[in-house]
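Step one of this worksheet: look at the structure below.
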Amino acid sequence: MLGLPKTTEFNKRIPKQKFYENLEISPALKKVFVDQVKTIYWRNKIATTTLNLAPGTDVTEIEVFEVKLTEQTLDEGMLRQMDKEIPYHILFLLEHQGKYQAWIGYKEASIFGTAAFKVNKYYHTEWMEEDDLPVELEGLDIDAVYENFVKQIAGDKLQVVEAGESLKDTVAREEEKEALRKQITSLQAKVKKEKQLNKQMQMNKEIKELKKRLEVL
């Protein structure tokens, strides 16, 4: 898929039951697997063993999974469950009626020093033809290929402020901006409901301070 070299092709079907049988997941998430997912294919493996790439420091392999859906919506929790169970970085290609979305999570090793990963945020494209997906194999090592996948899929949702800024710092800043926007929206809603003028003024002051922080970022 994605025009990736044949050496990376794996094309193995994975029973979706593997991701919810014998695992402690909520009934709601199990229902997502059952109702929203038709099939899951492990399409490609991007690694030093399949491509002429240097090893990465943070990324060992990148797996490409095609997930065929019953409808054009998917609970993000399903992708998190798959990411949690597989100790590699994953590029998801969601398919419905011949259209595709590319999804990727910014996935990093757990701070507790275990083999586990945590996904801070997912980025995705719009629905489009597979050939139009803005995903290309770029980079001399596995780390660079993964970072470029994230940047390509995120598009203008990730904006580098300083030259040479790491992907980790860019993602962290965007997450902070998102959190500030949510705080501002929440306070603005409270202002509209508040009857007391002094409390309105206090909240408006907080909103102004949050907006200043947002501008700096």
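Letters A, B, ... go to the chains of the structure tokens in the order shown; residues in each chain start at 1; ligands are counted from 1 in the same order.
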(request) Compile the contact shell of Ser166 in chain A as a list of chain:residue names: residues with an atom at most 12 Å away, counting only C-alpha atoms, same-chain residues fewer than 5 positions apart removed. (result)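 The filter keeps A:Asp143, A:Ala144, A:Glu147, A:Asn148, A:Lys151, A:Leu158, A:Gln159, A:Val160, A:Val161, A:Val171, A:Ala172, A:Arg173.
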Go through range 66-155 of chain A residue by residue and, counting only C-alpha atoms, keep those with an atom at most 9 Å from range 18-27 of chain A; for each kept residue give the shortest atom pair and its distance in Å to one decimal, ordered by chain and increasing number, as CSV.
residue,atom,partner,partner_atom,distance
A:Met78,CA,A:Phe19,CA,8.9
A:Gln81,CA,A:Phe19,CA,7.2
A:Met82,CA,A:Phe19,CA,6.6
A:Glu85,CA,A:Phe19,CA,7.5
Produce a file of the selected residues containing C-alpha atoms, as a short mmCIF file (atom, residue, chain, number, x, y, z; two decimals), in the first residue's frame.
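What landed in again-v3.cif:
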data_model
loop_
_atom_site.label_atom_id
_atom_site.label_comp_id
_atom_site.auth_asym_id
_atom_site.auth_seq_id
_atom_site.Cartn_x
_atom_site.Cartn_y
_atom_site.Cartn_z
CA MET A 78 -10.14 1.24 19.21
CA GLN A 81 -6.31 -0.40 22.14
CA MET A 82 -4.41 -1.70 19.11
CA GLU A 85 -1.23 -4.18 22.43
#
(request) Compile the contact shell of Gln188 in chain A as a list of chain:residue names: residues with an atom at most 12 Å away, counting only C-alpha atoms, same-chain residues fewer than 6 positions apart removed. (result)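 Listing them by chain and then by number gives A:Arg181, A:Lys182, A:Glu194, A:Gln200, A:Met201, A:Gln202, A:Met203, A:Asn204, A:Lys205, A:Glu206, A:Ile207, A:Lys208, A:Leu210, A:Lys211.
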Mind writing the picked residues with C-alpha atoms as a CSV table (one decimal), in the first residue's frame?
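And here is the file that came out, part_12.csv:
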chain,number,residue,atom,x,y,z
A,181,ARG,CA,-8.4,26.8,23.9
A,182,LYS,CA,-10.5,24.4,25.8
A,194,GLU,CA,-22.9,34.0,35.4
A,200,GLN,CA,-17.9,37.9,35.2
A,201,MET,CA,-15.0,40.4,35.4
A,202,GLN,CA,-12.8,37.9,37.1
A,203,MET,CA,-13.4,35.3,34.5
A,204,ASN,CA,-12.9,37.8,31.7
A,205,LYS,CA,-9.6,38.7,33.2
A,206,GLU,CA,-8.6,35.0,33.2
A,207,ILE,CA,-9.7,34.6,29.6
A,208,LYS,CA,-7.5,37.6,28.6
A,210,LEU,CA,-5.1,32.7,28.7
A,211,LYS,CA,-5.3,34.3,25.3
Run DSSP on the backbone and grab whatever in range 2-217 of chain A lands in strand (DSSP E or B); send it over as an mmCIF file with C-alpha atoms, in the first residue's frame.
data_model
loop_
_atom_site.group_PDB
_atom_site.id
_atom_site.type_symbol
_atom_site.label_atom_id
_atom_site.label_comp_id
_atom_site.auth_asym_id
_atom_site.auth_seq_id
_atom_site.Cartn_x
_atom_site.Cartn_y
_atom_site.Cartn_z
ATOM 1 C CA GLU A 9 4.772 -6.159 2.146
ATOM 2 C CA PHE A 10 3.325 -8.455 4.805
ATOM 3 C CA ASN A 11 -0.379 -8.747 3.894
ATOM 4 C CA LYS A 12 -1.505 -10.809 6.844
ATOM 5 C CA ARG A 13 -5.098 -10.739 8.045
ATOM 6 C CA ILE A 14 -5.424 -10.301 11.808
ATOM 7 C CA VAL A 37 -14.716 -3.008 12.058
ATOM 8 C CA LYS A 38 -15.003 -5.464 9.176
ATOM 9 C CA THR A 39 -11.438 -6.696 8.850
ATOM 10 C CA ILE A 40 -7.894 -5.788 9.878
ATOM 11 C CA TYR A 41 -4.871 -6.407 7.645
ATOM 12 C CA TRP A 42 -1.227 -6.018 8.542
ATOM 13 C CA ARG A 43 -0.090 -4.666 5.169
ATOM 14 C CA ASN A 44 3.525 -3.532 5.564
ATOM 15 C CA LYS A 45 6.470 -3.656 7.912
ATOM 16 C CA ILE A 46 8.941 -0.779 7.675
ATOM 17 C CA ALA A 54 19.504 2.997 9.413
ATOM 18 C CA ILE A 62 6.598 0.968 11.742
ATOM 19 C CA GLU A 63 3.670 -1.312 10.956
ATOM 20 C CA VAL A 64 1.048 -0.351 8.368
ATOM 21 C CA PHE A 65 -2.439 -1.618 9.248
ATOM 22 C CA GLU A 66 -5.441 -1.386 6.945
ATOM 23 C CA VAL A 67 -8.708 -1.342 8.911
ATOM 24 C CA LYS A 68 -11.838 -1.825 6.820
ATOM 25 C CA LEU A 69 -14.843 -0.133 8.439
ATOM 26 C CA HIS A 89 4.731 2.337 15.968
ATOM 27 C CA ILE A 90 1.676 2.008 13.729
ATOM 28 C CA LEU A 91 0.365 3.812 10.669
ATOM 29 C CA PHE A 92 -3.374 3.113 10.335
ATOM 30 C CA LEU A 93 -5.174 3.261 6.997
ATOM 31 C CA LEU A 94 -8.927 3.304 7.559
ATOM 32 C CA GLU A 95 -10.999 2.215 4.541
ATOM 33 C CA HIS A 96 -14.692 2.624 3.790
ATOM 34 C CA LYS A 99 -12.012 5.938 0.405
ATOM 35 C CA TYR A 100 -9.171 6.158 2.917
ATOM 36 C CA GLN A 101 -8.052 8.107 5.961
ATOM 37 C CA ALA A 102 -4.496 7.883 7.284
ATOM 38 C CA TRP A 103 -4.210 7.955 11.092
ATOM 39 C CA ILE A 104 -1.088 8.020 13.231
ATOM 40 C CA GLY A 105 -0.531 8.603 16.913
ATOM 41 C CA TYR A 106 2.439 10.390 18.415
ATOM 42 C CA LYS A 107 3.630 7.314 20.288
ATOM 43 C CA GLU A 108 6.513 7.384 22.755
ATOM 44 C CA ALA A 109 7.979 5.043 25.350
ATOM 45 C CA PHE A 117 4.043 2.969 24.919
ATOM 46 C CA LYS A 118 1.686 5.868 25.404
ATOM 47 C CA VAL A 119 -0.085 7.716 22.615
ATOM 48 C CA ASN A 120 -0.474 11.403 23.397
ATOM 49 C CA LYS A 121 -2.517 12.409 20.364
ATOM 50 C CA TYR A 122 -3.775 11.084 17.039
ATOM 51 C CA TYR A 123 -3.574 12.949 13.761
ATOM 52 C CA HIS A 124 -5.480 12.038 10.620
ATOM 53 C CA MET A 128 -9.705 10.552 0.023
ATOM 54 C CA ASP A 141 16.541 6.115 9.409
#
(message) Quick check for you: according to DSSP on this backbone, which residues of chain A are classed as alpha helix (DSSP H)? Reply as a VMD selection string.
(response) chain A and resid 27 to 36 76 to 85 142 to 154 167 to 193 197 to 216
Can you write out the residues you just picked, keeping C-alpha atoms, as a PDB file, in the first residue's frame?
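That gives us result.pdb:
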ATOM      1  CA  PRO A  27     -18.101  -3.662  26.772  1.00  0.00           C
ATOM      2  CA  ALA A  28     -18.441  -0.390  24.838  1.00  0.00           C
ATOM      3  CA  LEU A  29     -14.992  -0.779  23.246  1.00  0.00           C
ATOM      4  CA  LYS A  30     -15.649  -4.420  22.432  1.00  0.00           C
ATOM      5  CA  LYS A  31     -18.828  -3.283  20.684  1.00  0.00           C
ATOM      6  CA  VAL A  32     -16.740  -0.888  18.562  1.00  0.00           C
ATOM      7  CA  PHE A  33     -14.593  -3.782  17.315  1.00  0.00           C
ATOM      8  CA  VAL A  34     -17.670  -5.895  16.628  1.00  0.00           C
ATOM      9  CA  ASP A  35     -19.894  -3.236  15.024  1.00  0.00           C
ATOM     10  CA  GLN A  36     -17.535  -0.769  13.338  1.00  0.00           C
ATOM     11  CA  GLU A  76     -10.484   6.525  18.602  1.00  0.00           C
ATOM     12  CA  GLY A  77     -10.370   4.184  21.600  1.00  0.00           C
ATOM     13  CA  MET A  78     -10.138   1.238  19.207  1.00  0.00           C
ATOM     14  CA  LEU A  79      -6.904   2.566  17.704  1.00  0.00           C
ATOM     15  CA  ARG A  80      -5.544   3.186  21.192  1.00  0.00           C
ATOM     16  CA  GLN A  81      -6.315  -0.405  22.137  1.00  0.00           C
ATOM     17  CA  MET A  82      -4.413  -1.697  19.107  1.00  0.00           C
ATOM     18  CA  ASP A  83      -1.516   0.673  19.799  1.00  0.00           C
ATOM     19  CA  LYS A  84      -1.452  -0.515  23.394  1.00  0.00           C
ATOM     20  CA  GLU A  85      -1.229  -4.184  22.430  1.00  0.00           C
ATOM     21  CA  ILE A 142      13.410   4.678  11.052  1.00  0.00           C
ATOM     22  CA  ASP A 143      13.060   7.651  13.430  1.00  0.00           C
ATOM     23  CA  ALA A 144      13.030  10.118  10.532  1.00  0.00           C
ATOM     24  CA  VAL A 145      10.514   8.061   8.522  1.00  0.00           C
ATOM     25  CA  TYR A 146       8.140   7.985  11.502  1.00  0.00           C
ATOM     26  CA  GLU A 147       8.506  11.709  12.235  1.00  0.00           C
ATOM     27  CA  ASN A 148       7.821  12.522   8.587  1.00  0.00           C
ATOM     28  CA  PHE A 149       4.704  10.338   8.607  1.00  0.00           C
ATOM     29  CA  VAL A 150       3.410  12.274  11.623  1.00  0.00           C
ATOM     30  CA  LYS A 151       4.169  15.649  10.021  1.00  0.00           C
ATOM     31  CA  GLN A 152       2.671  14.651   6.661  1.00  0.00           C
ATOM     32  CA  ILE A 153      -0.561  13.382   8.196  1.00  0.00           C
ATOM     33  CA  ALA A 154      -0.881  16.204  10.740  1.00  0.00           C
ATOM     34  CA  LEU A 167       8.768  16.601  16.947  1.00  0.00           C
ATOM     35  CA  LYS A 168       8.265  15.926  20.648  1.00  0.00           C
ATOM     36  CA  ASP A 169       8.474  19.649  21.464  1.00  0.00           C
ATOM     37  CA  THR A 170       6.168  20.565  18.574  1.00  0.00           C
ATOM     38  CA  VAL A 171       3.544  18.043  19.688  1.00  0.00           C
ATOM     39  CA  ALA A 172       3.818  19.190  23.318  1.00  0.00           C
ATOM     40  CA  ARG A 173       3.300  22.829  22.316  1.00  0.00           C
ATOM     41  CA  GLU A 174       0.275  21.990  20.161  1.00  0.00           C
ATOM     42  CA  GLU A 175      -1.226  19.988  23.031  1.00  0.00           C
ATOM     43  CA  GLU A 176      -0.705  22.944  25.370  1.00  0.00           C
ATOM     44  CA  LYS A 177      -2.405  25.258  22.845  1.00  0.00           C
ATOM     45  CA  GLU A 178      -5.337  22.863  22.576  1.00  0.00           C
ATOM     46  CA  ALA A 179      -5.682  22.735  26.366  1.00  0.00           C
ATOM     47  CA  LEU A 180      -5.658  26.558  26.540  1.00  0.00           C
ATOM     48  CA  ARG A 181      -8.353  26.804  23.858  1.00  0.00           C
ATOM     49  CA  LYS A 182     -10.546  24.404  25.823  1.00  0.00           C
ATOM     50  CA  GLN A 183     -10.056  26.464  29.006  1.00  0.00           C
ATOM     51  CA  ILE A 184     -10.958  29.662  27.155  1.00  0.00           C
ATOM     52  CA  THR A 185     -14.097  28.104  25.632  1.00  0.00           C
ATOM     53  CA  SER A 186     -15.165  26.740  29.018  1.00  0.00           C
ATOM     54  CA  LEU A 187     -14.700  30.106  30.752  1.00  0.00           C
ATOM     55  CA  GLN A 188     -16.524  31.972  27.989  1.00  0.00           C
ATOM     56  CA  ALA A 189     -19.511  29.651  28.472  1.00  0.00           C
ATOM     57  CA  LYS A 190     -19.427  30.265  32.228  1.00  0.00           C
ATOM     58  CA  VAL A 191     -19.331  34.047  31.713  1.00  0.00           C
ATOM     59  CA  LYS A 192     -22.561  33.889  29.723  1.00  0.00           C
ATOM     60  CA  LYS A 193     -24.306  32.014  32.528  1.00  0.00           C
ATOM     61  CA  LEU A 197     -20.791  41.204  37.589  1.00  0.00           C
ATOM     62  CA  ASN A 198     -17.695  40.802  39.775  1.00  0.00           C
ATOM     63  CA  LYS A 199     -17.402  37.108  38.878  1.00  0.00           C
ATOM     64  CA  GLN A 200     -17.882  37.926  35.197  1.00  0.00           C
ATOM     65  CA  MET A 201     -15.041  40.450  35.412  1.00  0.00           C
ATOM     66  CA  GLN A 202     -12.756  37.946  37.134  1.00  0.00           C
ATOM     67  CA  MET A 203     -13.407  35.281  34.506  1.00  0.00           C
ATOM     68  CA  ASN A 204     -12.916  37.772  31.678  1.00  0.00           C
ATOM     69  CA  LYS A 205      -9.563  38.656  33.218  1.00  0.00           C
ATOM     70  CA  GLU A 206      -8.599  34.959  33.238  1.00  0.00           C
ATOM     71  CA  ILE A 207      -9.702  34.628  29.618  1.00  0.00           C
ATOM     72  CA  LYS A 208      -7.518  37.579  28.619  1.00  0.00           C
ATOM     73  CA  GLU A 209      -4.496  36.030  30.400  1.00  0.00           C
ATOM     74  CA  LEU A 210      -5.089  32.651  28.726  1.00  0.00           C
ATOM     75  CA  LYS A 211      -5.329  34.327  25.313  1.00  0.00           C
ATOM     76  CA  LYS A 212      -1.997  36.063  25.932  1.00  0.00           C
ATOM     77  CA  ARG A 213      -0.380  32.698  26.747  1.00  0.00           C
ATOM     78  CA  LEU A 214      -1.909  31.259  23.579  1.00  0.00           C
ATOM     79  CA  GLU A 215      -0.454  34.070  21.464  1.00  0.00           C
ATOM     80  CA  VAL A 216       3.016  33.444  22.889  1.00  0.00           C
TER      81      VAL A 216
END
(message) Calculated over only C-alpha atoms, which of the candidates A:Asp75, A:Met1, A:Lys157, A:Thr7 has the smallest distance to Leu51 in chain A?
(response) A:Thr7
